[in-house]
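Everything below concerns the one structure shown next.
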Amino acid sequence: MKVLIVDDSIVYRTAITQALKEVSGLEVFKAVSNGKIAIDFLKHNPDISLITLDMEMPVMDGLETIKAIREFNKDVIIIVFSSFTVRGAEKTIDALNAGADDFVPKIEGKGDIEESIKMIRLELLQKIEAFKGNKHKKIVDIAPKPVVKKTQMAIKTIPGIVDEMMIKPKLIVIGCSTGGPEALAQIFKNIKIGSSVPILIVQHMPAMFTEKLASMLDKVSVLSISEAKNNQRISNGHCYIAPGDYHMTLKKDLTLSMNQEEKVCFVRPAVDVLFKSVAENYSEQVLSIVLTGMGEDGMRGAKELEKKGAYQFIQDKESSVVWGMPGAISRAGINVTELSLNEIAMLIDEISKRI
């Protein structure tokens, strides 16, 4: 896997290069100082597999660079470095919408290479490992297929699947990670009917970033979407996104609770934490959806929801950026339905029609 590093800071270019040299199967092919140079280089070297891209650069910044690259190259993996600020969070969401695949907060250390290398080892390498060996597939907005694939069941249409639901769900829970913001955007912009049930979402993101994600989704959707607040009571037709760095749980009185207890599956917020709290405290029918993401977060929570008879769905491998989280649920033997993103939007619409 050949890597192109794009950063105007010589400290970060050197640090990223040194950190990536330690990873088997990676070759740092070139390190350049701005987006214009990167675009010219990529056009002459189409075998580049991955780009690390700083968002704040002279000549051509990260967002302009992503847009220009996606005009001629849809497949190269782009991981952006973003400043850990409100403005940085806004730019990161814009970058993900423009075609970036993932991001790493650029935590400023003492300015020396050793501190920067430590940060990169913690934040960047695990993301690259998730993409290594995984055939990269961009999420594309295509017409929905007429049928869906369901494990241990005959192939059925979306209306047919909803017909089989003896009790219609009163709550939808969604979990996602790598590729999640783009997947969520495609789902929510394609929903045509205002949801008749509450929707709870966990997306692996740091503080500040989830608020900007909620704002972006709210603008593209007919649904009302916001970052969740502590002790907030859930209501029909509203979507709540867990705030970055806080686990979100649902209590028996249908209020949301945030906490900063120990990370689960190395993340906070964690999908497992939400799903398990719903299994423990929610007495009515639940529908769960796990989207693209690396790791296994959501699998243990899905097992608990299965005990309560929840209807469970995962994003299919074909449309996932990384089929880690949905794949873990599939391999666990949980009875789930695989759907594309457009089919998930159709499913939510179909449920809303029936309630």
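Residue names in the structure tokens use chain letters A, B, ... in the order shown, residue numbers from 1 in each chain, and ligand numbers from 1 in the order shown.
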(request) Would you please extract all helix (DSSP H, G or I) residues from segment 200-234 of chain A, as assigned by DSSP on the backbone, and give them as a ChimeraX atom specification? (result) /A:209-220
Keeping C-alpha atoms, export the residues of the selection given above as a PDB file, in the first residue's frame.
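Listing of again27.pdb after writing:
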```
ATOM      1  CA  PHE A 209     -17.431  16.845  16.373  1.00  0.00           C
ATOM      2  CA  THR A 210     -20.771  15.179  17.191  1.00  0.00           C
ATOM      3  CA  GLU A 211     -22.534  18.511  17.598  1.00  0.00           C
ATOM      4  CA  LYS A 212     -21.391  19.523  14.112  1.00  0.00           C
ATOM      5  CA  LEU A 213     -22.429  16.133  12.736  1.00  0.00           C
ATOM      6  CA  ALA A 214     -25.913  16.541  14.204  1.00  0.00           C
ATOM      7  CA  SER A 215     -26.195  20.032  12.717  1.00  0.00           C
ATOM      8  CA  MET A 216     -25.149  18.773   9.271  1.00  0.00           C
ATOM      9  CA  LEU A 217     -27.618  15.868   9.321  1.00  0.00           C
ATOM     10  CA  ASP A 218     -30.420  18.125  10.549  1.00  0.00           C
ATOM     11  CA  LYS A 219     -29.926  20.354   7.499  1.00  0.00           C
ATOM     12  CA  VAL A 220     -30.171  17.523   4.954  1.00  0.00           C
TER      13      VAL A 220
END
```
(request) Please identify which residues in segment 143-238 of chain A DSSP calls strand (DSSP E or B) from the backbone, and express them as a ChimeraX atom specification. (result) /A:148-150,156,171-176,199-203,224-227,233,238
(request) Give me the residues within 8 Å of segment 48-53 of chain A as a list of chain:residue names, counting only C-alpha atoms and dropping any in the same chain fewer than 3 places off. (result)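 Skipping anything fewer than 3 positions along the chain leaves A:Met1, A:Lys2, A:Val3, A:Leu4, A:Ile5, A:Val6, A:Asp7, A:Phe29, A:Leu42, A:Asn45, A:Gly62, A:Asp75, A:Val76, A:Ile77, A:Ile78, A:Ile79, A:Val80, A:Phe81.
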For those residues, write C-alpha atoms to a file as a CSV table (one decimal), in the first residue's frame.
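Listing of result_29.csv after writing:
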```
chain,number,residue,atom,x,y,z
A,1,MET,CA,0.0,0.0,0.0
A,2,LYS,CA,1.6,3.2,-1.2
A,3,VAL,CA,1.0,6.3,1.0
A,4,LEU,CA,1.1,10.0,0.1
A,5,ILE,CA,1.6,12.5,3.0
A,6,VAL,CA,0.2,16.0,2.6
A,7,ASP,CA,1.0,18.5,5.3
A,29,PHE,CA,6.0,7.1,-1.4
A,42,LEU,CA,-1.5,11.7,-7.6
A,45,ASN,CA,1.0,8.2,-9.7
A,62,GLY,CA,-7.6,20.1,2.7
A,75,ASP,CA,-11.0,5.0,-4.7
A,76,VAL,CA,-7.9,6.4,-3.0
A,77,ILE,CA,-8.4,6.3,0.8
A,78,ILE,CA,-8.2,9.8,2.4
A,79,ILE,CA,-7.6,10.3,6.1
A,80,VAL,CA,-7.6,13.9,7.2
A,81,PHE,CA,-5.9,15.6,10.2
```
Env of Ala95 of chain A: 12 Å cut, atoms = only C-alpha atoms, seq-sep filter 6 positions within chain, self excluded. Answer as a CSV table (one decimal) with N, CA and C atoms, in the first residue's frame.
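The result, written out as out19.csv:
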```csv
chain,number,residue,atom,x,y,z
A,53,LEU,N,-3.9,13.7,5.0
A,53,LEU,CA,-4.1,15.1,4.5
A,53,LEU,C,-4.4,16.1,5.6
A,54,ASP,N,-3.6,17.1,5.7
A,54,ASP,CA,-3.8,18.2,6.7
A,54,ASP,C,-5.0,19.0,6.2
A,55,MET,N,-5.8,19.5,7.0
A,55,MET,CA,-6.9,20.4,6.6
A,55,MET,C,-6.5,21.8,6.4
A,56,GLU,N,-5.5,22.3,7.2
A,56,GLU,CA,-5.1,23.7,7.2
A,56,GLU,C,-3.8,23.8,6.5
A,61,ASP,N,-6.2,24.3,0.5
A,61,ASP,CA,-6.4,23.6,1.8
A,61,ASP,C,-7.0,22.2,1.6
A,62,GLY,N,-7.2,21.5,2.7
A,62,GLY,CA,-7.6,20.1,2.7
A,62,GLY,C,-9.0,19.9,2.0
A,63,LEU,N,-9.9,20.8,2.3
A,63,LEU,CA,-11.3,20.6,1.7
A,63,LEU,C,-11.2,20.8,0.2
A,64,GLU,N,-10.5,21.8,-0.3
A,64,GLU,CA,-10.4,22.0,-1.8
A,64,GLU,C,-9.7,20.8,-2.4
A,65,THR,N,-8.7,20.3,-1.7
A,65,THR,CA,-7.9,19.1,-2.2
A,65,THR,C,-8.8,17.9,-2.4
A,66,ILE,N,-9.6,17.6,-1.3
A,66,ILE,CA,-10.5,16.4,-1.4
A,66,ILE,C,-11.4,16.5,-2.6
A,67,LYS,N,-12.1,17.7,-2.7
A,67,LYS,CA,-13.0,17.9,-3.8
A,67,LYS,C,-12.3,17.7,-5.2
A,68,ALA,N,-11.1,18.2,-5.3
A,68,ALA,CA,-10.4,18.1,-6.6
A,68,ALA,C,-10.0,16.6,-6.8
A,69,ILE,N,-9.6,15.9,-5.8
A,69,ILE,CA,-9.1,14.5,-6.0
A,69,ILE,C,-10.3,13.7,-6.4
A,70,ARG,N,-11.5,13.9,-5.7
A,70,ARG,CA,-12.6,13.0,-6.0
A,70,ARG,C,-13.2,13.2,-7.4
A,78,ILE,N,-8.6,8.5,1.9
A,78,ILE,CA,-8.2,9.8,2.4
A,78,ILE,C,-8.5,9.9,3.9
A,79,ILE,N,-7.5,10.0,4.7
A,79,ILE,CA,-7.6,10.3,6.1
A,79,ILE,C,-7.1,11.7,6.4
A,80,VAL,N,-8.0,12.5,7.0
A,80,VAL,CA,-7.6,13.9,7.2
A,80,VAL,C,-7.2,14.1,8.7
A,81,PHE,N,-6.2,15.1,8.8
A,81,PHE,CA,-5.9,15.6,10.2
A,81,PHE,C,-6.6,16.9,10.4
A,82,SER,N,-7.3,16.9,11.5
A,82,SER,CA,-8.1,18.1,11.8
A,82,SER,C,-7.8,18.7,13.2
A,88,GLY,N,-12.3,23.4,13.6
A,88,GLY,CA,-11.7,22.1,13.0
A,88,GLY,C,-12.8,21.0,12.9
A,89,ALA,N,-13.7,21.0,13.8
A,89,ALA,CA,-14.8,20.0,13.7
A,89,ALA,C,-15.7,20.3,12.6
A,101,ASP,N,-12.4,9.7,4.0
A,101,ASP,CA,-12.9,8.4,4.5
A,101,ASP,C,-12.9,8.3,6.0
A,102,ASP,N,-12.0,9.1,6.7
A,102,ASP,CA,-11.9,9.1,8.1
A,102,ASP,C,-11.0,10.3,8.5
A,103,PHE,N,-10.9,10.5,9.8
A,103,PHE,CA,-10.2,11.7,10.3
A,103,PHE,C,-9.4,11.3,11.6
A,104,VAL,N,-8.4,12.1,11.9
A,104,VAL,CA,-7.6,12.0,13.1
A,104,VAL,C,-7.5,13.4,13.7
A,179,GLY,N,-16.6,5.8,8.3
A,179,GLY,CA,-17.5,5.9,7.2
A,179,GLY,C,-18.9,6.2,7.7
A,181,PRO,N,-20.4,9.0,9.2
A,181,PRO,CA,-21.0,10.3,8.9
A,181,PRO,C,-21.6,10.3,7.5
A,182,GLU,N,-20.8,9.8,6.5
A,182,GLU,CA,-21.3,9.8,5.1
A,182,GLU,C,-22.5,8.8,5.0
A,213,LEU,N,-21.8,17.2,13.5
A,213,LEU,CA,-22.4,16.1,12.7
A,213,LEU,C,-23.9,16.2,12.8
A,216,MET,N,-25.2,19.1,10.7
A,216,MET,CA,-25.1,18.8,9.3
A,216,MET,C,-26.3,17.9,8.9
```
(request) Name the residues in contact with segment 118-135 of chain A at a cut-off of 9 Å, using only C-alpha atoms, excluding same-chain residues fewer than 2 positions from it; report them as an NGL selection string. (result) :A and (1 or 15-16 or 19-20 or 23 or 25-26 or 50 or 77 or 79 or 102-109 or 113-116 or 137 or 178 or 293-295 or 321-324)
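If you measure from each of A:Leu223, A:Cys176, A:Leu274, A:Ile241 to Pro326 of chain A using only C-alpha atoms, the closest one turns out to be A:Cys176.
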(message) Between A:His238, A:Arg233, A:Lys91, A:Arg13, which residue has the minimum interatomic distance to Met208 of chain A, considering only C-alpha atoms?
(response)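 When distances to Met208 of chain A are compared using only C-alpha atoms, the smallest one comes from A:Lys91.
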(message) If we count only C-alpha atoms and set the cut-off at 9 Å, which residues sit around Ala183 of chain A, ignoring sequence neighbours fewer than 5 positions away in its own chain? Please answer as a list in words.
(response) Ile139, Cys176, Phe188, Leu291, Thr292, Ser319, Ser320 and Leu341 of chain A
Keeping C-alpha atoms, export the residues of the selection given above as a PDB file, in the first residue's frame.
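out_37.pdb was written with the following content:
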```pdb
ATOM      1  CA  ILE A 139     -20.451   4.814  -0.700  1.00  0.00           C
ATOM      2  CA  CYS A 176     -21.484   3.404  13.413  1.00  0.00           C
ATOM      3  CA  PHE A 188     -31.211  10.620   6.403  1.00  0.00           C
ATOM      4  CA  LEU A 291     -23.449   0.607   9.991  1.00  0.00           C
ATOM      5  CA  THR A 292     -19.906   0.719   8.637  1.00  0.00           C
ATOM      6  CA  SER A 319     -21.613  -0.418   0.652  1.00  0.00           C
ATOM      7  CA  SER A 320     -19.518  -0.360   3.851  1.00  0.00           C
ATOM      8  CA  LEU A 341     -27.974   2.400   2.815  1.00  0.00           C
TER       9      LEU A 341
END
```
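Close contacts of Lys353 of chain A, defined as residues with an atom at most 12 Å away when counting only C-alpha atoms, with chain neighbours fewer than 3 positions off set aside, comprise Pro159, Val162, Asp163, Lys168, Ile191, Lys192, Ile193, Gly194, Ser195, Ser196, Val197, Met346, Leu347, Ile348, Asp349 and Glu350 of chain A.
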Write the residues of the selection above to a file with C-alpha atoms, as a PDB file, in the first residue's frame.
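For reference, result26.pdb as written:
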```pdb
ATOM      1  CA  PRO A 159     -42.512  -3.965   2.645  1.00  0.00           C
ATOM      2  CA  VAL A 162     -42.075  -4.930   7.654  1.00  0.00           C
ATOM      3  CA  ASP A 163     -45.155  -7.115   7.042  1.00  0.00           C
ATOM      4  CA  LYS A 168     -43.984  -2.605  14.964  1.00  0.00           C
ATOM      5  CA  ILE A 191     -35.831   9.406   4.247  1.00  0.00           C
ATOM      6  CA  LYS A 192     -39.014  10.902   2.798  1.00  0.00           C
ATOM      7  CA  ILE A 193     -41.341  10.589   5.784  1.00  0.00           C
ATOM      8  CA  GLY A 194     -40.797  12.071   9.237  1.00  0.00           C
ATOM      9  CA  SER A 195     -39.995   9.182  11.567  1.00  0.00           C
ATOM     10  CA  SER A 196     -42.839   8.238  13.903  1.00  0.00           C
ATOM     11  CA  VAL A 197     -40.444   6.839  16.543  1.00  0.00           C
ATOM     12  CA  MET A 346     -36.717   2.758   2.788  1.00  0.00           C
ATOM     13  CA  LEU A 347     -37.102   0.591   5.890  1.00  0.00           C
ATOM     14  CA  ILE A 348     -37.427   3.593   8.212  1.00  0.00           C
ATOM     15  CA  ASP A 349     -39.970   5.159   5.839  1.00  0.00           C
ATOM     16  CA  GLU A 350     -41.960   1.931   5.607  1.00  0.00           C
TER      17      GLU A 350
END
```
Closest pair table for segment 151-211 of chain A residues within 12 Å of segment 314-318 of chain A, only C-alpha atoms, as CSV:
```
residue,atom,partner,partner_atom,distance
A:Thr151,CA,A:Ile314,CA,11.0
A:Val173,CA,A:Ile314,CA,11.6
A:Ile174,CA,A:Ile314,CA,9.5
A:Gly175,CA,A:Ile314,CA,9.6
A:Cys176,CA,A:Gln315,CA,9.8
A:Gly179,CA,A:Gln315,CA,11.3
A:Gly180,CA,A:Gln315,CA,10.6
A:Ala183,CA,A:Gln315,CA,9.3
A:Leu184,CA,A:Gln315,CA,11.1
A:Ile187,CA,A:Gln315,CA,11.0
```
Keeping only C-alpha atoms, take the residues you just selected and write them out as a PDB file, in the first residue's frame.
```pdb
ATOM      1  CA  THR A 151     -30.026 -14.513   6.874  1.00  0.00           C
ATOM      2  CA  VAL A 173     -31.065   2.562  17.655  1.00  0.00           C
ATOM      3  CA  ILE A 174     -28.117   3.043  15.290  1.00  0.00           C
ATOM      4  CA  GLY A 175     -24.372   2.514  15.753  1.00  0.00           C
ATOM      5  CA  CYS A 176     -21.484   3.404  13.413  1.00  0.00           C
ATOM      6  CA  GLY A 179     -17.498   5.887   7.224  1.00  0.00           C
ATOM      7  CA  GLY A 180     -20.468   6.562   9.490  1.00  0.00           C
ATOM      8  CA  ALA A 183     -23.488   6.688   5.618  1.00  0.00           C
ATOM      9  CA  LEU A 184     -25.776   8.578   8.015  1.00  0.00           C
ATOM     10  CA  ILE A 187     -29.692   7.485   4.933  1.00  0.00           C
TER      11      ILE A 187
END
```
(request) For each of A:Tyr12, A:Glu227, A:Val273, A:Val278, take the minimum atom-to-atom distance to Lys307 of chain A, counting only C-alpha atoms, then give the residue where this is smallest. (result) A:Val278
(request) Compare A:Asn34, A:Ser83, A:Thr14, A:Ser177 by their minimum atom-to-atom distance to Val267 of chain A, counting only C-alpha atoms, and give me the closest one. (result)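 Residue with the minimum atom-to-atom distance to Val267 of chain A: A:Ser177.
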